[in-house]
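Peer 1: Take a look at the following structure, please.
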Amino acid sequence: MSPANTSSAFGTSRVAAEPQQYGFGTLAIHAGAEPDPATGAVIPPLSLSTTFKQRAVGDFVYEYSRSDNPNRSNLEAAIAALEHAKHGFAFSSGSATTATVLNTLAPGSHVISVNDVYGGTHRYLNKVAHSMGVETTFVDLADVNNIRDAMRDNTRLVWIETPTNPTLRLVDIAAVSEIAHEAGLFVIVDNTFLSPYFQTPLDLGADVVVHSATKYLNGHSDVVMGVAATNSDALASKLRFLQNAIGAVPSPFDCYQAQRGLKTLHLRMRQHAENAQSVAEFLEASPLVDSVIYPGLESHPQHTLAKRQMRGFGGMVSFRIKGDSSTADRFLQRTHLFTLAESLGGVESLAELPARMTHAGLAPEERHELGISDNLIRLSVGVEDGDDLVADIAQALQSAVAENKVRI
């Protein structure tokens, strides 16, 4: 692993050396982004080399790009700074991040996971980790004390996602961390839906924070990547070993792109949240909608927790259209600005039907238990002009619901 890049021929970086003194936007732009010491280039160059010259046997900064690379080191430094962490890690996808973190567990271990978890995480825990001897109990963490009932002698970690996908339920990170740490368990938080701009789980007691960087961190729907961050030296040592041993690492170009996206994260997240609030308020007032789920609405059952735990409410909105799956289909086909597609967190607005897309892998009874109904639509609200997004939803709603066979 290369040393922290805190100095160069052009001077020492105060941002890298003392990140706590700076605001989020300053860190997003400057952390891990020192001028190139060879040329003075303000933007660190793309380093595509797979191998690096050693000054003598074993005397090197970089050795081999699977183990480390200048662009990956820069991105990892930025991620660590934004998540208030000592250590940052980048992986080839969010799923690779999940797999690597869970590979820190020995066969025979037990995991407690929030039940309303991302479908890919649910799949990995149920199908892959299980086959490797790691069992998982999925628990409703609206009441954090449910963790105590799920604990076993071999429980090693608690995996939470907040807000959850796609029903935007919240988990009290500080309360979960307190209970878990009393029992000697690690707490992992998937922070994908909010980004470190709106929530920093390590500050609330979590041990590791993970992201699908494909989403908000990169923010432009053109990179697949995952990241993790921690303040634990012991966990960092395990993750760094597994990162190299498993080799699920991102390319230098993807790291370069993701760090470029990261520089505008604070600007994008503000607009995502502003637009999402407008969309949620419009939907809540519409007679063509059965229910709306957005932490920024007072009607959200955990709105008080959202205000305490989060610095903003994010860009994700879910709602149940008045009608059935066919009504939802019509809505999704008749939007002009919201593109029917999976994923989220890009500058462009997206819409999808979780029951038949991102969460189709769950059994119908599991979807029912989690509230993922056939008329539940998930919106990733982009950074377009907010009035245009509301108008687009209004026309698609009117058109889709008007064709319902049952009069509303």
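Residue numbering restarts at 1 in every chain; chains get A, B, ... in the order shown in the structure tokens, and ligands count up from 1 in that same order.
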Using only C-alpha atoms, tabulate the residues of stretch 82-147 of chain A lying at most 10 Å from any atom of stretch 222-236 of chain A, each with its closest atom pair and that distance in Å to one decimal, by chain and increasing residue number, as CSV.
Peer 2:
```
residue,atom,partner,partner_atom,distance
A:Leu82,CA,A:Ala229,CA,9.6
A:Glu83,CA,A:Ala229,CA,6.9
A:His84,CA,A:Asn231,CA,8.2
A:Ala85,CA,A:Asn231,CA,5.0
A:Lys86,CA,A:Asn231,CA,4.9
A:His87,CA,A:Thr230,CA,5.4
A:Gly88,CA,A:Ala229,CA,4.4
A:Phe89,CA,A:Ala228,CA,5.1
A:Ala90,CA,A:Val227,CA,4.4
A:Phe91,CA,A:Gly226,CA,4.9
A:Ser92,CA,A:Met225,CA,4.7
A:Ser93,CA,A:Met225,CA,3.7
A:Gly94,CA,A:Gly226,CA,3.8
A:Ser95,CA,A:Gly226,CA,7.2
A:Ala96,CA,A:Gly226,CA,6.9
A:Thr97,CA,A:Gly226,CA,5.6
A:Thr98,CA,A:Gly226,CA,8.5
A:Thr100,CA,A:Ala228,CA,9.8
A:Val101,CA,A:Ala228,CA,8.5
A:Thr104,CA,A:Leu235,CA,8.2
```
Peer 1: Mind checking which residues fall within 6 Å of stretch 310-321 of chain A, counting only C-alpha atoms, ignoring those fewer than 6 positions away in the same chain, and posting them as a PyMOL selection string?
Peer 2: chain A and resi 194+198-199+272-273+276+289-296+375-381
Peer 1: Keeping only N, CA and C atoms, take the residues you just selected and write them out as a compact mmCIF listing (two decimals), in the first residue's frame.
Peer 2:
```
# COMPACT_ATOMS: atom_id res chain seq x y z
N LEU A 194 -27.76 8.11 0.80
CA LEU A 194 -27.62 9.49 1.29
C LEU A 194 -26.29 10.12 0.93
N PHE A 198 -24.98 13.86 3.41
CA PHE A 198 -26.15 13.92 4.27
C PHE A 198 -26.06 13.02 5.51
N GLN A 199 -25.10 12.08 5.54
CA GLN A 199 -25.02 11.16 6.68
C GLN A 199 -23.62 10.57 6.77
N HIS A 272 -30.51 17.38 -5.65
CA HIS A 272 -31.30 16.14 -5.56
C HIS A 272 -32.35 16.27 -4.46
N ALA A 273 -31.91 16.72 -3.29
CA ALA A 273 -32.82 16.80 -2.14
C ALA A 273 -33.90 17.87 -2.34
N ALA A 276 -36.34 16.40 -4.81
CA ALA A 276 -37.08 15.28 -4.22
C ALA A 276 -38.16 15.78 -3.26
N VAL A 289 -52.59 9.25 -6.03
CA VAL A 289 -51.53 8.52 -5.33
C VAL A 289 -52.08 7.98 -4.01
N ASP A 290 -51.79 6.73 -3.72
CA ASP A 290 -52.24 6.13 -2.46
C ASP A 290 -51.37 6.53 -1.28
N SER A 291 -50.05 6.53 -1.46
CA SER A 291 -49.15 6.88 -0.37
C SER A 291 -47.80 7.28 -0.92
N VAL A 292 -47.08 8.09 -0.15
CA VAL A 292 -45.76 8.58 -0.53
C VAL A 292 -44.79 8.29 0.60
N ILE A 293 -43.57 7.86 0.25
CA ILE A 293 -42.55 7.57 1.25
C ILE A 293 -41.33 8.46 0.96
N TYR A 294 -41.08 9.40 1.86
CA TYR A 294 -39.91 10.26 1.74
C TYR A 294 -39.57 10.78 3.13
N PRO A 295 -38.35 10.59 3.61
CA PRO A 295 -38.01 10.99 4.98
C PRO A 295 -38.21 12.47 5.26
N GLY A 296 -38.23 13.30 4.21
CA GLY A 296 -38.40 14.73 4.40
C GLY A 296 -39.83 15.17 4.61
N ASN A 375 -47.74 -1.89 -7.05
CA ASN A 375 -47.95 -0.51 -7.50
C ASN A 375 -46.96 0.46 -6.87
N LEU A 376 -45.90 -0.08 -6.22
CA LEU A 376 -44.88 0.78 -5.62
C LEU A 376 -43.86 1.18 -6.68
N ILE A 377 -43.71 2.46 -6.87
CA ILE A 377 -42.77 3.02 -7.86
C ILE A 377 -41.65 3.73 -7.11
N ARG A 378 -40.41 3.48 -7.52
CA ARG A 378 -39.26 4.15 -6.92
C ARG A 378 -38.71 5.18 -7.88
N LEU A 379 -38.53 6.40 -7.39
CA LEU A 379 -37.98 7.48 -8.20
C LEU A 379 -36.59 7.87 -7.69
N SER A 380 -35.66 7.97 -8.60
CA SER A 380 -34.38 8.61 -8.32
C SER A 380 -34.47 10.00 -8.93
N VAL A 381 -34.68 10.98 -8.07
CA VAL A 381 -34.94 12.34 -8.55
C VAL A 381 -33.62 13.02 -8.88
```
Peer 1: What's around A:Ile147 at 12 Å? Count only C-alpha atoms, leave out sequence neighbours fewer than 5 positions away in its own chain, and write the answer as a list in words.
Peer 2: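 Counting only C-alpha atoms, the residues come to Val111, Ile112, Ser113, Val114, Asn115, Thr137, Phe138, Val139, Asp140, Leu141, Ala142, Arg152, Thr155, Leu157, Val158, Trp159, Ile160, Val171, Ala175, Val176, Ser177, Glu178, Ile179, Ala180, His181, Glu182, Ala183, Leu185 and Val187 of chain A.
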Peer 1: From the options A:Gln302, A:His211, A:Pro44, A:Ala78, which residue's atoms come nearest to A:Asp143, counting only C-alpha atoms?
Peer 2: A:Gln302
Peer 1: Near A:Gly323, counting only C-alpha atoms, which residues have an atom at most 8 Å away, once you skip same-chain residues fewer than 3 positions from it, shown as a ChimeraX atom specification?
Peer 2: /A:326-328,375,401,404
Peer 1: Export C-alpha atoms of the chosen residues as a short mmCIF file (atom, residue, chain, number, x, y, z; two decimals), in the first residue's frame?
Peer 2:
```cif
data_model
loop_
_atom_site.label_atom_id
_atom_site.label_comp_id
_atom_site.auth_asym_id
_atom_site.auth_seq_id
_atom_site.Cartn_x
_atom_site.Cartn_y
_atom_site.Cartn_z
CA SER A 326 -50.78 -2.12 -14.99
CA THR A 327 -51.30 1.44 -13.78
CA ALA A 328 -47.69 1.56 -12.65
CA ASN A 375 -47.95 -0.51 -7.50
CA VAL A 401 -54.64 6.55 -13.66
CA ASN A 404 -57.91 2.43 -14.53
#
```
Peer 1: Please indicate the distance in Å from atom CA of A:Ser399 to atom CA of A:Ala285, rounded to one decimal place.
Peer 2: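 That distance, rounded to one decimal, is 17.1 Å.
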Peer 1: When DSSP is applied to the backbone of this structure, which of stretch 193-380 of chain A are assigned strand (DSSP E)? Write them out as a PyMOL selection string.
Peer 2: chain A and resi 208-212+226-230+289-293+316-321+339-340+350-352+376-380
Peer 1: Under the rule that only C-alpha atoms are counted, which of A:Thr121, A:Ser251, A:Asn154, A:Gln20 is the nearest residue to A:Glu135?
Peer 2: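 Of all the options, A:Asn154 lies closest to A:Glu135.
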Peer 1: Mind pulling up the distance from atom CA of A:Glu403 to atom CA of A:Thr335?
Peer 2: 15.4 Å
Peer 1: What does the structure give for the distance between atom CA of A:Met151 and atom CA of A:Val128, in Å to one decimal?
Peer 2: 21.2 Å
Peer 1: Of the residues A:Val390, A:Ala306, A:Ala363, A:Leu370, which is the one nearest to A:Ser349, using only C-alpha atoms?
Peer 2: A:Val390
Peer 1: Run DSSP on the backbone and grab whatever in stretch 46-145 of chain A lands in helix (DSSP H, G or I); send it over as a PyMOL selection string.
Peer 2: chain A and resi 70-82+94-102+119-132
Peer 1: For the selection you just gave me, I'd like the residues written to a file as a compact mmCIF listing (two decimals), in the first residue's frame, keeping N, CA and C atoms.
Peer 2:
```txt
# COMPACT_ATOMS: atom_id res chain seq x y z
N PRO A 70 -1.94 4.90 -8.35
CA PRO A 70 -2.06 6.30 -7.94
C PRO A 70 -3.49 6.83 -7.98
N ASN A 71 -4.23 6.48 -9.01
CA ASN A 71 -5.61 6.99 -9.10
C ASN A 71 -6.51 6.39 -8.03
N ARG A 72 -6.30 5.11 -7.73
CA ARG A 72 -7.10 4.49 -6.68
C ARG A 72 -6.73 5.07 -5.32
N SER A 73 -5.45 5.28 -5.08
CA SER A 73 -5.02 5.88 -3.81
C SER A 73 -5.64 7.25 -3.62
N ASN A 74 -5.67 8.04 -4.68
CA ASN A 74 -6.27 9.38 -4.59
C ASN A 74 -7.75 9.31 -4.24
N LEU A 75 -8.47 8.43 -4.92
CA LEU A 75 -9.90 8.29 -4.66
C LEU A 75 -10.14 7.79 -3.24
N GLU A 76 -9.36 6.81 -2.81
CA GLU A 76 -9.54 6.26 -1.46
C GLU A 76 -9.27 7.31 -0.39
N ALA A 77 -8.30 8.19 -0.64
CA ALA A 77 -8.03 9.27 0.31
C ALA A 77 -9.22 10.23 0.39
N ALA A 78 -9.83 10.51 -0.75
CA ALA A 78 -10.99 11.40 -0.77
C ALA A 78 -12.18 10.78 -0.06
N ILE A 79 -12.42 9.49 -0.31
CA ILE A 79 -13.53 8.80 0.35
C ILE A 79 -13.33 8.81 1.86
N ALA A 80 -12.14 8.52 2.31
CA ALA A 80 -11.86 8.52 3.75
C ALA A 80 -12.11 9.89 4.35
N ALA A 81 -11.67 10.94 3.67
CA ALA A 81 -11.87 12.29 4.21
C ALA A 81 -13.35 12.63 4.33
N LEU A 82 -14.13 12.29 3.32
CA LEU A 82 -15.55 12.65 3.33
C LEU A 82 -16.35 11.84 4.33
N GLY A 94 -20.30 -2.23 -6.02
CA GLY A 94 -20.87 -2.28 -4.68
C GLY A 94 -20.99 -3.70 -4.19
N SER A 95 -21.34 -4.63 -5.09
CA SER A 95 -21.45 -6.04 -4.71
C SER A 95 -20.10 -6.61 -4.32
N ALA A 96 -19.04 -6.20 -5.00
CA ALA A 96 -17.69 -6.65 -4.64
C ALA A 96 -17.30 -6.12 -3.26
N THR A 97 -17.75 -4.91 -2.94
CA THR A 97 -17.50 -4.36 -1.62
C THR A 97 -18.18 -5.21 -0.55
N THR A 98 -19.47 -5.52 -0.79
CA THR A 98 -20.22 -6.37 0.13
C THR A 98 -19.51 -7.71 0.33
N ALA A 99 -19.12 -8.33 -0.77
CA ALA A 99 -18.47 -9.64 -0.70
C ALA A 99 -17.16 -9.57 0.07
N THR A 100 -16.38 -8.53 -0.15
CA THR A 100 -15.09 -8.41 0.51
C THR A 100 -15.27 -8.20 2.01
N VAL A 101 -16.20 -7.32 2.38
CA VAL A 101 -16.45 -7.08 3.81
C VAL A 101 -16.90 -8.37 4.49
N LEU A 102 -17.80 -9.11 3.86
CA LEU A 102 -18.31 -10.34 4.47
C LEU A 102 -17.26 -11.45 4.46
N GLY A 119 -31.70 -5.70 -2.75
CA GLY A 119 -31.88 -7.05 -3.27
C GLY A 119 -30.57 -7.77 -3.54
N GLY A 120 -29.55 -7.06 -4.02
CA GLY A 120 -28.27 -7.69 -4.29
C GLY A 120 -27.57 -8.14 -3.02
N THR A 121 -27.71 -7.36 -1.94
CA THR A 121 -27.15 -7.76 -0.66
C THR A 121 -27.88 -8.96 -0.10
N HIS A 122 -29.21 -8.95 -0.22
CA HIS A 122 -30.03 -10.09 0.23
C HIS A 122 -29.62 -11.35 -0.53
N ARG A 123 -29.42 -11.21 -1.83
CA ARG A 123 -29.01 -12.35 -2.66
C ARG A 123 -27.66 -12.89 -2.23
N TYR A 124 -26.70 -11.98 -1.98
CA TYR A 124 -25.36 -12.44 -1.59
C TYR A 124 -25.41 -13.15 -0.24
N LEU A 125 -26.12 -12.56 0.71
CA LEU A 125 -26.18 -13.17 2.04
C LEU A 125 -26.88 -14.53 2.00
N ASN A 126 -27.95 -14.64 1.22
CA ASN A 126 -28.75 -15.86 1.18
C ASN A 126 -28.13 -16.96 0.31
N LYS A 127 -27.52 -16.57 -0.80
CA LYS A 127 -27.07 -17.55 -1.78
C LYS A 127 -25.56 -17.81 -1.74
N VAL A 128 -24.77 -16.78 -1.50
CA VAL A 128 -23.32 -16.94 -1.58
C VAL A 128 -22.71 -17.10 -0.19
N ALA A 129 -22.96 -16.14 0.69
CA ALA A 129 -22.39 -16.25 2.04
C ALA A 129 -22.88 -17.52 2.73
N HIS A 130 -24.15 -17.84 2.52
CA HIS A 130 -24.71 -19.05 3.14
C HIS A 130 -23.95 -20.30 2.69
N SER A 131 -23.61 -20.36 1.41
CA SER A 131 -22.90 -21.53 0.89
C SER A 131 -21.47 -21.61 1.42
N MET A 132 -20.98 -20.49 1.95
CA MET A 132 -19.63 -20.45 2.52
C MET A 132 -19.66 -20.57 4.04
```
Peer 1: Nearest residue to A:Ala280 out of A:Ala28, A:Ala106, A:Leu305, A:Ala394, using only C-alpha atoms?
Peer 2: A:Ala394
Peer 1: Please determine, counting only C-alpha atoms, which residue among A:Gln398, A:Thr50, A:Gln309, A:Ser65 has the shortest atom-to-atom distance to A:Asp172.
Peer 2: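 So, comparing all the options, the nearest one is A:Gln309.
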Peer 1: Looking at A:Ser47, A:Asn103, A:Ser109, A:Gln395, which one is nearest to A:Pro252, with distances taken over only C-alpha atoms?
Peer 2: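 Selected residue with least distance to A:Pro252: A:Ser47.
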Peer 1: Do a neighbour search on A:Gly386 at 9 Å with only C-alpha atoms, toss out local chain neighbours closer than 4 positions, and write the hits as an NGL selection string.
Peer 2: :A and (271 or 274-276 or 278-279 or 382 or 390-391)
Peer 1: Pull N, CA, C and O atoms from the residues just selected and write them as a CSV table (one decimal), in the first residue's frame.
Peer 2:
```csv
chain,number,residue,atom,x,y,z
A,271,GLN,N,-29.2,19.7,-4.8
A,271,GLN,CA,-30.3,19.8,-5.8
A,271,GLN,C,-31.1,18.5,-5.8
A,271,GLN,O,-32.4,18.6,-6.0
A,274,GLU,N,-33.5,19.0,-2.9
A,274,GLU,CA,-34.5,20.0,-3.1
A,274,GLU,C,-35.6,19.6,-4.1
A,274,GLU,O,-36.8,19.8,-3.9
A,275,ASN,N,-35.2,18.9,-5.2
A,275,ASN,CA,-36.1,18.4,-6.2
A,275,ASN,C,-37.0,17.3,-5.6
A,275,ASN,O,-38.2,17.2,-5.8
A,276,ALA,N,-36.3,16.4,-4.8
A,276,ALA,CA,-37.1,15.3,-4.2
A,276,ALA,C,-38.2,15.8,-3.3
A,276,ALA,O,-39.3,15.2,-3.2
A,278,SER,N,-39.8,18.6,-3.5
A,278,SER,CA,-40.8,19.2,-4.3
A,278,SER,C,-41.7,18.0,-4.9
A,278,SER,O,-42.9,18.1,-4.9
A,279,VAL,N,-41.0,17.0,-5.4
A,279,VAL,CA,-41.8,15.9,-6.0
A,279,VAL,C,-42.6,15.2,-4.9
A,279,VAL,O,-43.8,14.8,-5.2
A,382,GLY,N,-33.5,13.4,-10.1
A,382,GLY,CA,-32.2,14.0,-10.6
A,382,GLY,C,-32.1,15.5,-10.3
A,382,GLY,O,-32.8,16.0,-9.4
A,390,VAL,N,-41.8,17.9,-11.7
A,390,VAL,CA,-43.1,17.8,-11.1
A,390,VAL,C,-44.1,17.8,-12.3
A,390,VAL,O,-45.1,17.0,-12.2
A,391,ALA,N,-43.9,18.6,-13.3
A,391,ALA,CA,-44.9,18.6,-14.4
A,391,ALA,C,-44.9,17.3,-15.2
A,391,ALA,O,-45.9,16.8,-15.6
```
